[in-house]
$ cat run_12.pdb   # PDB, C-alpha atoms
MODEL        1
ATOM      1  CA  MET A   1      44.809 209.951 137.456
ATOM      2  CA  SER A   2      43.851 209.057 133.875
ATOM      3  CA  THR A   3      46.294 208.804 131.001
ATOM      4  CA  PRO A   4      46.263 211.994 128.921
ATOM      5  CA  LEU A   5      44.905 211.659 125.395
ATOM      6  CA  PRO A   6      47.185 212.553 122.496
ATOM      7  CA  THR A   7      46.220 215.728 120.672
ATOM      8  CA  ARG A   8      44.622 214.992 117.309
ATOM      9  CA  ILE A   9      42.307 216.532 114.733
ATOM     10  CA  THR A  10      39.362 214.688 113.218
ATOM     11  CA  ALA A  11      36.780 215.701 110.613
ATOM     12  CA  THR A  12      33.008 215.647 110.905
ATOM     13  CA  LEU A  13      31.232 215.218 107.588
ATOM     14  CA  SER A  14      27.772 216.820 107.436
ATOM     15  CA  VAL A  15      25.376 214.822 105.255
ATOM     16  CA  ARG A  16      21.711 214.859 104.292
ATOM     17  CA  ASP A  17      21.009 211.163 104.773
ATOM     18  CA  TRP A  18      23.098 210.101 107.747
ATOM     19  CA  ALA A  19      22.182 206.403 107.734
ATOM     20  CA  ALA A  20      22.895 206.030 104.005
ATOM     21  CA  ALA A  21      26.227 207.843 104.381
ATOM     22  CA  VAL A  22      27.341 205.613 107.271
ATOM     23  CA  ASP A  23      26.369 202.545 105.234
ATOM     24  CA  PHE A  24      28.342 203.852 102.228
ATOM     25  CA  TYR A  25      31.520 204.464 104.280
ATOM     26  CA  LYS A  26      31.290 200.956 105.693
ATOM     27  CA  ARG A  27      30.911 199.401 102.226
ATOM     28  CA  ALA A  28      33.337 201.707 100.389
ATOM     29  CA  TYR A  29      36.180 201.938 102.887
ATOM     30  CA  GLY A  30      35.527 199.162 105.397
ATOM     31  CA  ALA A  31      34.708 201.754 108.061
ATOM     32  CA  VAL A  32      33.868 200.482 111.529
ATOM     33  CA  GLU A  33      31.381 202.268 113.767
ATOM     34  CA  LEU A  34      33.031 203.235 117.066
ATOM     35  CA  HIS A  35      30.193 205.261 118.563
ATOM     36  CA  CYS A  36      26.657 206.222 117.672
ATOM     37  CA  VAL A  37      24.730 208.934 119.484
ATOM     38  CA  PRO A  38      21.528 207.408 120.869
ATOM     39  CA  GLY A  39      18.705 208.033 118.432
ATOM     40  CA  GLY A  40      21.075 208.228 115.464
ATOM     41  CA  GLY A  41      22.145 211.196 113.400
ATOM     42  CA  VAL A  42      25.784 211.229 114.582
ATOM     43  CA  ALA A  43      28.356 208.442 114.436
ATOM     44  CA  GLN A  44      32.078 208.096 114.948
ATOM     45  CA  LEU A  45      33.707 205.831 112.362
ATOM     46  CA  CYS A  46      37.226 204.617 111.722
ATOM     47  CA  VAL A  47      39.103 203.244 108.758
ATOM     48  CA  GLY A  48      42.110 201.521 110.255
ATOM     49  CA  ALA A  49      43.411 203.982 112.854
ATOM     50  CA  ALA A  50      41.905 207.021 111.073
ATOM     51  CA  GLU A  51      38.790 208.307 112.828
ATOM     52  CA  PHE A  52      36.108 210.636 111.509
ATOM     53  CA  TRP A  53      32.538 211.571 112.330
ATOM     54  CA  VAL A  54      29.394 211.639 110.202
ATOM     55  CA  ALA A  55      26.481 213.859 111.216
ATOM     56  CA  GLU A  56      23.095 214.719 109.769
ATOM     57  CA  GLU A  57      23.194 218.300 108.550
ATOM     58  CA  SER A  58      21.620 220.845 110.882
ATOM     59  CA  ALA A  59      20.849 224.392 109.815
ATOM     60  CA  ALA A  60      20.266 225.292 113.477
ATOM     61  CA  ASN A  61      23.898 224.345 114.210
ATOM     62  CA  GLN A  62      25.209 225.774 110.921
ATOM     63  CA  ASN A  63      26.338 222.328 109.721
ATOM     64  CA  PHE A  64      25.462 222.056 106.046
ATOM     65  CA  SER A  65      25.949 219.150 103.670
ATOM     66  CA  PRO A  66      27.614 219.584 100.280
ATOM     67  CA  MET A  67      24.146 219.129  98.750
ATOM     68  CA  SER A  68      22.942 222.247 100.572
ATOM     69  CA  LEU A  69      26.118 224.196  99.809
ATOM     70  CA  GLY A  70      26.299 223.229  96.137
ATOM     71  CA  GLY A  71      29.783 221.783  96.738
ATOM     72  CA  CYS A  72      31.926 220.673  99.625
ATOM     73  CA  SER A  73      34.230 222.752 101.790
ATOM     74  CA  VAL A  74      36.496 219.865 102.817
ATOM     75  CA  ARG A  75      38.286 217.166 100.851
ATOM     76  CA  MET A  76      39.185 213.956 102.640
ATOM     77  CA  LEU A  77      42.528 212.229 102.000
ATOM     78  CA  LEU A  78      42.504 208.489 102.694
ATOM     79  CA  ILE A  79      46.062 207.151 102.749
ATOM     80  CA  THR A  80      46.240 203.416 102.165
ATOM     81  CA  ASN A  81      48.691 200.808 100.895
ATOM     82  CA  ASP A  82      46.550 199.956  97.856
ATOM     83  CA  PRO A  83      44.740 203.075  96.626
ATOM     84  CA  ALA A  84      43.630 201.436  93.367
ATOM     85  CA  ALA A  85      41.812 198.636  95.219
ATOM     86  CA  VAL A  86      40.148 201.072  97.647
ATOM     87  CA  TRP A  87      39.223 203.408  94.748
ATOM     88  CA  ARG A  88      37.536 200.503  92.919
ATOM     89  CA  GLN A  89      35.755 199.451  96.140
ATOM     90  CA  ALA A  90      34.405 202.993  96.584
ATOM     91  CA  ILE A  91      33.144 203.051  92.986
ATOM     92  CA  ALA A  92      31.466 199.666  93.467
ATOM     93  CA  ALA A  93      29.800 201.008  96.645
ATOM     94  CA  GLY A  94      28.297 203.964  94.755
ATOM     95  CA  ALA A  95      30.950 206.699  94.567
ATOM     96  CA  LYS A  96      31.396 208.661  91.338
ATOM     97  CA  ALA A  97      34.832 208.552  89.692
ATOM     98  CA  ILE A  98      36.490 211.978  89.531
ATOM     99  CA  SER A  99      39.990 210.815  88.556
ATOM    100  CA  PRO A 100      41.439 207.308  88.356
ATOM    101  CA  VAL A 101      44.422 206.312  90.461
ATOM    102  CA  ALA A 102      47.642 207.457  88.784
ATOM    103  CA  GLU A 103      51.069 208.797  89.701
ATOM    104  CA  ALA A 104      51.054 212.562  90.326
ATOM    105  CA  HIS A 105      53.235 214.897  92.373
ATOM    106  CA  GLY A 106      55.048 212.037  94.089
ATOM    107  CA  TRP A 107      51.826 210.255  95.010
ATOM    108  CA  CYS A 108      49.809 207.348  93.681
ATOM    109  CA  ILE A 109      46.405 209.059  93.906
ATOM    110  CA  GLY A 110      42.813 208.928  92.670
ATOM    111  CA  ARG A 111      39.659 210.826  93.566
ATOM    112  CA  VAL A 112      35.988 209.961  94.063
ATOM    113  CA  LEU A 113      32.832 211.850  94.959
ATOM    114  CA  ASP A 114      30.808 210.019  97.589
ATOM    115  CA  PRO A 115      26.977 209.897  97.420
ATOM    116  CA  ALA A 116      26.748 212.545 100.181
ATOM    117  CA  GLY A 117      28.778 215.000  98.060
ATOM    118  CA  HIS A 118      32.204 214.758  99.736
ATOM    119  CA  HIS A 119      35.397 214.405  97.714
ATOM    120  CA  TRP A 120      37.836 211.688  98.787
ATOM    121  CA  GLU A 121      41.382 211.436  97.489
ATOM    122  CA  ILE A 122      42.620 207.871  97.930
ATOM    123  CA  ALA A 123      46.392 207.738  97.884
ATOM    124  CA  ARG A 124      49.787 206.621  99.041
ATOM    125  CA  PRO A 125      53.097 208.468  98.776
ATOM    126  CA  MET A 126      55.535 207.155  96.205
ATOM    127  CA  ARG A 127      58.792 205.956  97.710
ATOM    128  CA  CYS A 128      62.117 206.833  96.121
ATOM    129  CA  THR A 129      64.467 203.868  96.002
TER     130      THR A 129
ENDMDL
END
$ encode --input "run_12.pdb" --output "structure tokens"
Amino acid sequence: MSTPLPTRITATLSVRDWAAAVDFYKRAYGAVELHCVPGGGVAQLCVGAAEFWVAEESAANQNFSPMSLGGCSVRMLLITNDPAAVWRQAIAAGAKAISPVAEAHGWCIGRVLDPAGHHWEIARPMRCT
């Protein structure tokens, strides 16, 4: 009998240029490729213990990229110990700055727009002492 998997939710980001998006996530966030569907077009990535998928958009499967939609329908939240460093790394890798890292609503948080059109908030909760 196999060990049951823990229940979890993971996102799949639909993109127009799958290979470029995977390369960006590796450079911007240090993502590691866990799985790639043979022939390309779909990959499972992780940043630390946080997993997500990247897939080439497919009208036949009703998976549309933000470029096709004219905006994105999901915003990713990357929680990290040093959001300012990760924010700068994402900018250096080609993301567009939306808001710099600052304290807001009990969080240290900044926001970027990745080249595929997805918004990423890069943050950590502020700790009360």
$ closest_residue --input "run_12.pdb" --among "A:Ala55, A:Ile9, A:Asp82, A:Arg88" --to "A:Val37" --atoms "only C-alpha atoms"
A:Ala55
$ atom_distance --input "run_12.pdb" --atom1 "atom CA of A:Ile79" --atom2 "atom CA of A:Arg124"
5.3 Å
$ resolve_selection --input "run_12.pdb" --expression "the PyMOL selection byres ((chain A and resi 36) around 12)" --output "count of residues only"
19
$ atom_distance --input "run_12.pdb" --atom1 "atom CA of A:Arg75" --atom2 "atom CA of A:Val15"
13.8 Å
$ resolve_selection --input "run_12.pdb" --expression "the PyMOL selection byres ((chain A and resi 94-106) around 12)" --output "PyMOL selection string"
chain A and resi 20-21+23-29+82-93+107-128
$ write_last_selection --input "run_12.pdb" --atoms "C-alpha atoms" --output "PDB file, in the frame of the given file"
ATOM      1  CA  ALA A  20      22.895 206.030 104.005  1.00  0.00           C
ATOM      2  CA  ALA A  21      26.227 207.843 104.381  1.00  0.00           C
ATOM      3  CA  ASP A  23      26.369 202.545 105.234  1.00  0.00           C
ATOM      4  CA  PHE A  24      28.342 203.852 102.228  1.00  0.00           C
ATOM      5  CA  TYR A  25      31.520 204.464 104.280  1.00  0.00           C
ATOM      6  CA  LYS A  26      31.290 200.956 105.693  1.00  0.00           C
ATOM      7  CA  ARG A  27      30.911 199.401 102.226  1.00  0.00           C
ATOM      8  CA  ALA A  28      33.337 201.707 100.389  1.00  0.00           C
ATOM      9  CA  TYR A  29      36.180 201.938 102.887  1.00  0.00           C
ATOM     10  CA  ASP A  82      46.550 199.956  97.856  1.00  0.00           C
ATOM     11  CA  PRO A  83      44.740 203.075  96.626  1.00  0.00           C
ATOM     12  CA  ALA A  84      43.630 201.436  93.367  1.00  0.00           C
ATOM     13  CA  ALA A  85      41.812 198.636  95.219  1.00  0.00           C
ATOM     14  CA  VAL A  86      40.148 201.072  97.647  1.00  0.00           C
ATOM     15  CA  TRP A  87      39.223 203.408  94.748  1.00  0.00           C
ATOM     16  CA  ARG A  88      37.536 200.503  92.919  1.00  0.00           C
ATOM     17  CA  GLN A  89      35.755 199.451  96.140  1.00  0.00           C
ATOM     18  CA  ALA A  90      34.405 202.993  96.584  1.00  0.00           C
ATOM     19  CA  ILE A  91      33.144 203.051  92.986  1.00  0.00           C
ATOM     20  CA  ALA A  92      31.466 199.666  93.467  1.00  0.00           C
ATOM     21  CA  ALA A  93      29.800 201.008  96.645  1.00  0.00           C
ATOM     22  CA  TRP A 107      51.826 210.255  95.010  1.00  0.00           C
ATOM     23  CA  CYS A 108      49.809 207.348  93.681  1.00  0.00           C
ATOM     24  CA  ILE A 109      46.405 209.059  93.906  1.00  0.00           C
ATOM     25  CA  GLY A 110      42.813 208.928  92.670  1.00  0.00           C
ATOM     26  CA  ARG A 111      39.659 210.826  93.566  1.00  0.00           C
ATOM     27  CA  VAL A 112      35.988 209.961  94.063  1.00  0.00           C
ATOM     28  CA  LEU A 113      32.832 211.850  94.959  1.00  0.00           C
ATOM     29  CA  ASP A 114      30.808 210.019  97.589  1.00  0.00           C
ATOM     30  CA  PRO A 115      26.977 209.897  97.420  1.00  0.00           C
ATOM     31  CA  ALA A 116      26.748 212.545 100.181  1.00  0.00           C
ATOM     32  CA  GLY A 117      28.778 215.000  98.060  1.00  0.00           C
ATOM     33  CA  HIS A 118      32.204 214.758  99.736  1.00  0.00           C
ATOM     34  CA  HIS A 119      35.397 214.405  97.714  1.00  0.00           C
ATOM     35  CA  TRP A 120      37.836 211.688  98.787  1.00  0.00           C
ATOM     36  CA  GLU A 121      41.382 211.436  97.489  1.00  0.00           C
ATOM     37  CA  ILE A 122      42.620 207.871  97.930  1.00  0.00           C
ATOM     38  CA  ALA A 123      46.392 207.738  97.884  1.00  0.00           C
ATOM     39  CA  ARG A 124      49.787 206.621  99.041  1.00  0.00           C
ATOM     40  CA  PRO A 125      53.097 208.468  98.776  1.00  0.00           C
ATOM     41  CA  MET A 126      55.535 207.155  96.205  1.00  0.00           C
ATOM     42  CA  ARG A 127      58.792 205.956  97.710  1.00  0.00           C
ATOM     43  CA  CYS A 128      62.117 206.833  96.121  1.00  0.00           C
TER      44      CYS A 128
END
$ resolve_selection --input "run_12.pdb" --expression "the PyMOL selection byres ((chain A and resi 49) around 12)" --output "VMD selection string"
chain A and resid 8 10 30 to 32 34 45 to 48 50 to 52 78 to 80
$ atom_distance --input "run_12.pdb" --atom1 "atom CA of A:Glu56" --atom2 "atom CA of A:Thr7"
25.6 Å
$ closest_residue --input "run_12.pdb" --among "A:Ala11, A:Arg16, A:Leu5, A:Asn81" --to "A:Leu69" --atoms "all atoms listed in the file"
A:Arg16
$ decode --input "run_12.pdb" --residues "stretch 3-128 of chain A" --atoms "C-alpha atoms" --output "PDB file, in the first residue's frame"
ATOM      1  CA  THR A   3       1.620   6.381   1.358  1.00  0.00           C
ATOM      2  CA  PRO A   4      -1.282   8.771   0.749  1.00  0.00           C
ATOM      3  CA  LEU A   5      -0.364  12.157  -0.695  1.00  0.00           C
ATOM      4  CA  PRO A   6      -1.259  15.263   1.293  1.00  0.00           C
ATOM      5  CA  THR A   7      -4.036  17.342  -0.224  1.00  0.00           C
ATOM      6  CA  ARG A   8      -2.707  20.510  -1.838  1.00  0.00           C
ATOM      7  CA  ILE A   9      -3.597  23.086  -4.471  1.00  0.00           C
ATOM      8  CA  THR A  10      -1.184  24.226  -7.164  1.00  0.00           C
ATOM      9  CA  ALA A  11      -1.512  26.761  -9.982  1.00  0.00           C
ATOM     10  CA  THR A  12      -0.937  26.239 -13.685  1.00  0.00           C
ATOM     11  CA  LEU A  13       0.112  29.383 -15.518  1.00  0.00           C
ATOM     12  CA  SER A  14      -0.937  29.491 -19.185  1.00  0.00           C
ATOM     13  CA  VAL A  15       1.620  31.309 -21.342  1.00  0.00           C
ATOM     14  CA  ARG A  16       2.230  32.049 -25.008  1.00  0.00           C
ATOM     15  CA  ASP A  17       5.912  31.151 -25.116  1.00  0.00           C
ATOM     16  CA  TRP A  18       6.322  28.214 -22.760  1.00  0.00           C
ATOM     17  CA  ALA A  19      10.093  27.794 -23.101  1.00  0.00           C
ATOM     18  CA  ALA A  20      10.766  31.501 -22.503  1.00  0.00           C
ATOM     19  CA  ALA A  21       8.451  31.513 -19.474  1.00  0.00           C
ATOM     20  CA  VAL A  22      10.161  28.482 -17.906  1.00  0.00           C
ATOM     21  CA  ASP A  23      13.545  30.132 -18.487  1.00  0.00           C
ATOM     22  CA  PHE A  24      12.300  33.369 -16.871  1.00  0.00           C
ATOM     23  CA  TYR A  25      11.005  31.585 -13.736  1.00  0.00           C
ATOM     24  CA  LYS A  26      14.332  29.809 -13.366  1.00  0.00           C
ATOM     25  CA  ARG A  27      16.298  33.070 -13.655  1.00  0.00           C
ATOM     26  CA  ALA A  28      13.877  35.274 -11.692  1.00  0.00           C
ATOM     27  CA  TYR A  29      12.955  32.988  -8.811  1.00  0.00           C
ATOM     28  CA  GLY A  30      15.504  30.173  -8.922  1.00  0.00           C
ATOM     29  CA  ALA A  31      12.783  27.744 -10.009  1.00  0.00           C
ATOM     30  CA  VAL A  32      13.775  24.120 -10.492  1.00  0.00           C
ATOM     31  CA  GLU A  33      12.138  21.932 -13.122  1.00  0.00           C
ATOM     32  CA  LEU A  34      10.582  18.853 -11.496  1.00  0.00           C
ATOM     33  CA  HIS A  35       8.843  17.404 -14.542  1.00  0.00           C
ATOM     34  CA  CYS A  36       8.517  18.176 -18.219  1.00  0.00           C
ATOM     35  CA  VAL A  37       5.935  16.538 -20.457  1.00  0.00           C
ATOM     36  CA  PRO A  38       7.753  14.815 -23.324  1.00  0.00           C
ATOM     37  CA  GLY A  39       7.823  17.130 -26.313  1.00  0.00           C
ATOM     38  CA  GLY A  40       7.610  20.239 -24.133  1.00  0.00           C
ATOM     39  CA  GLY A  41       4.762  22.656 -23.621  1.00  0.00           C
ATOM     40  CA  VAL A  42       4.064  21.704 -19.981  1.00  0.00           C
ATOM     41  CA  ALA A  43       6.442  21.717 -17.023  1.00  0.00           C
ATOM     42  CA  GLN A  44       6.177  21.397 -13.273  1.00  0.00           C
ATOM     43  CA  LEU A  45       8.449  23.830 -11.431  1.00  0.00           C
ATOM     44  CA  CYS A  46       9.195  24.552  -7.800  1.00  0.00           C
ATOM     45  CA  VAL A  47      10.595  27.467  -5.867  1.00  0.00           C
ATOM     46  CA  GLY A  48      11.681  25.985  -2.569  1.00  0.00           C
ATOM     47  CA  ALA A  49       8.785  23.734  -1.547  1.00  0.00           C
ATOM     48  CA  ALA A  50       6.215  25.723  -3.576  1.00  0.00           C
ATOM     49  CA  GLU A  51       5.215  23.926  -6.770  1.00  0.00           C
ATOM     50  CA  PHE A  52       3.467  25.313  -9.833  1.00  0.00           C
ATOM     51  CA  TRP A  53       2.982  24.380 -13.464  1.00  0.00           C
ATOM     52  CA  VAL A  54       3.613  26.311 -16.671  1.00  0.00           C
ATOM     53  CA  ALA A  55       1.748  25.357 -19.841  1.00  0.00           C
ATOM     54  CA  GLU A  56       1.560  26.679 -23.380  1.00  0.00           C
ATOM     55  CA  GLU A  57      -1.840  28.262 -23.882  1.00  0.00           C
ATOM     56  CA  SER A  58      -4.367  26.113 -25.723  1.00  0.00           C
ATOM     57  CA  ALA A  59      -7.623  27.489 -27.072  1.00  0.00           C
ATOM     58  CA  ALA A  60      -8.825  23.910 -27.625  1.00  0.00           C
ATOM     59  CA  ASN A  61      -8.510  23.303 -23.863  1.00  0.00           C
ATOM     60  CA  GLN A  62      -9.745  26.793 -22.930  1.00  0.00           C
ATOM     61  CA  ASN A  63      -6.392  27.700 -21.342  1.00  0.00           C
ATOM     62  CA  PHE A  64      -5.590  31.269 -22.326  1.00  0.00           C
ATOM     63  CA  SER A  65      -2.543  33.359 -21.506  1.00  0.00           C
ATOM     64  CA  PRO A  66      -2.842  36.869 -20.077  1.00  0.00           C
ATOM     65  CA  MET A  67      -1.716  38.134 -23.499  1.00  0.00           C
ATOM     66  CA  SER A  68      -4.804  36.572 -25.084  1.00  0.00           C
ATOM     67  CA  LEU A  69      -7.103  37.720 -22.279  1.00  0.00           C
ATOM     68  CA  GLY A  70      -5.775  41.278 -22.113  1.00  0.00           C
ATOM     69  CA  GLY A  71      -4.932  40.742 -18.426  1.00  0.00           C
ATOM     70  CA  CYS A  72      -4.475  37.890 -16.015  1.00  0.00           C
ATOM     71  CA  SER A  73      -7.095  36.091 -13.962  1.00  0.00           C
ATOM     72  CA  VAL A  74      -4.704  34.911 -11.239  1.00  0.00           C
ATOM     73  CA  ARG A  75      -2.098  36.695  -9.146  1.00  0.00           C
ATOM     74  CA  MET A  76       0.728  34.644  -7.691  1.00  0.00           C
ATOM     75  CA  LEU A  77       2.004  35.303  -4.153  1.00  0.00           C
ATOM     76  CA  LEU A  78       5.607  34.229  -3.576  1.00  0.00           C
ATOM     77  CA  ILE A  79       6.392  34.251   0.144  1.00  0.00           C
ATOM     78  CA  THR A  80      10.102  34.460   0.865  1.00  0.00           C
ATOM     79  CA  ASN A  81      12.445  35.600   3.627  1.00  0.00           C
ATOM     80  CA  ASP A  82      13.932  38.402   1.509  1.00  0.00           C
ATOM     81  CA  PRO A  83      11.269  39.834  -0.807  1.00  0.00           C
ATOM     82  CA  ALA A  84      13.402  42.836  -1.796  1.00  0.00           C
ATOM     83  CA  ALA A  85      16.218  40.601  -3.082  1.00  0.00           C
ATOM     84  CA  VAL A  86      13.801  38.341  -4.991  1.00  0.00           C
ATOM     85  CA  TRP A  87      11.960  41.402  -6.388  1.00  0.00           C
ATOM     86  CA  ARG A  88      15.266  42.820  -7.689  1.00  0.00           C
ATOM     87  CA  GLN A  89      16.206  39.408  -9.147  1.00  0.00           C
ATOM     88  CA  ALA A  90      12.875  39.248 -11.000  1.00  0.00           C
ATOM     89  CA  ILE A  91      13.400  42.752 -12.413  1.00  0.00           C
ATOM     90  CA  ALA A  92      16.921  41.827 -13.531  1.00  0.00           C
ATOM     91  CA  ALA A  93      15.497  38.709 -15.242  1.00  0.00           C
ATOM     92  CA  GLY A  94      13.021  40.798 -17.259  1.00  0.00           C
ATOM     93  CA  ALA A  95       9.962  41.424 -15.066  1.00  0.00           C
ATOM     94  CA  LYS A  96       8.324  44.857 -15.067  1.00  0.00           C
ATOM     95  CA  ALA A  97       8.107  46.686 -11.730  1.00  0.00           C
ATOM     96  CA  ILE A  98       4.513  47.296 -10.623  1.00  0.00           C
ATOM     97  CA  SER A  99       5.248  48.355  -7.033  1.00  0.00           C
ATOM     98  CA  PRO A 100       8.505  48.282  -5.076  1.00  0.00           C
ATOM     99  CA  VAL A 101       8.813  46.268  -1.886  1.00  0.00           C
ATOM    100  CA  ALA A 102       7.399  48.243   1.044  1.00  0.00           C
ATOM    101  CA  GLU A 103       5.476  47.675   4.264  1.00  0.00           C
ATOM    102  CA  ALA A 104       1.708  47.439   3.702  1.00  0.00           C
ATOM    103  CA  HIS A 105      -1.133  45.776   5.588  1.00  0.00           C
ATOM    104  CA  GLY A 106       1.222  43.888   7.889  1.00  0.00           C
ATOM    105  CA  TRP A 107       3.347  42.598   5.021  1.00  0.00           C
ATOM    106  CA  CYS A 108       6.647  43.499   3.416  1.00  0.00           C
ATOM    107  CA  ILE A 109       5.441  43.247  -0.197  1.00  0.00           C
ATOM    108  CA  GLY A 110       6.235  44.246  -3.777  1.00  0.00           C
ATOM    109  CA  ARG A 111       4.734  43.362  -7.142  1.00  0.00           C
ATOM    110  CA  VAL A 112       6.070  42.560 -10.613  1.00  0.00           C
ATOM    111  CA  LEU A 113       4.579  41.674 -13.977  1.00  0.00           C
ATOM    112  CA  ASP A 114       6.386  38.754 -15.581  1.00  0.00           C
ATOM    113  CA  PRO A 115       7.088  38.680 -19.352  1.00  0.00           C
ATOM    114  CA  ALA A 116       4.216  36.196 -19.861  1.00  0.00           C
ATOM    115  CA  GLY A 117       1.737  38.674 -18.325  1.00  0.00           C
ATOM    116  CA  HIS A 118       1.286  37.191 -14.832  1.00  0.00           C
ATOM    117  CA  HIS A 119       1.386  39.353 -11.714  1.00  0.00           C
ATOM    118  CA  TRP A 120       3.580  38.156  -8.844  1.00  0.00           C
ATOM    119  CA  GLU A 121       3.449  39.632  -5.362  1.00  0.00           C
ATOM    120  CA  ILE A 122       6.723  38.903  -3.576  1.00  0.00           C
ATOM    121  CA  ALA A 123       6.303  39.161   0.166  1.00  0.00           C
ATOM    122  CA  ARG A 124       6.774  38.102   3.740  1.00  0.00           C
ATOM    123  CA  PRO A 125       4.500  38.752   6.714  1.00  0.00           C
ATOM    124  CA  MET A 126       5.716  41.316   9.209  1.00  0.00           C
ATOM    125  CA  ARG A 127       6.250  39.895  12.673  1.00  0.00           C
ATOM    126  CA  CYS A 128       5.073  41.762  15.753  1.00  0.00           C
TER     127      CYS A 128
END
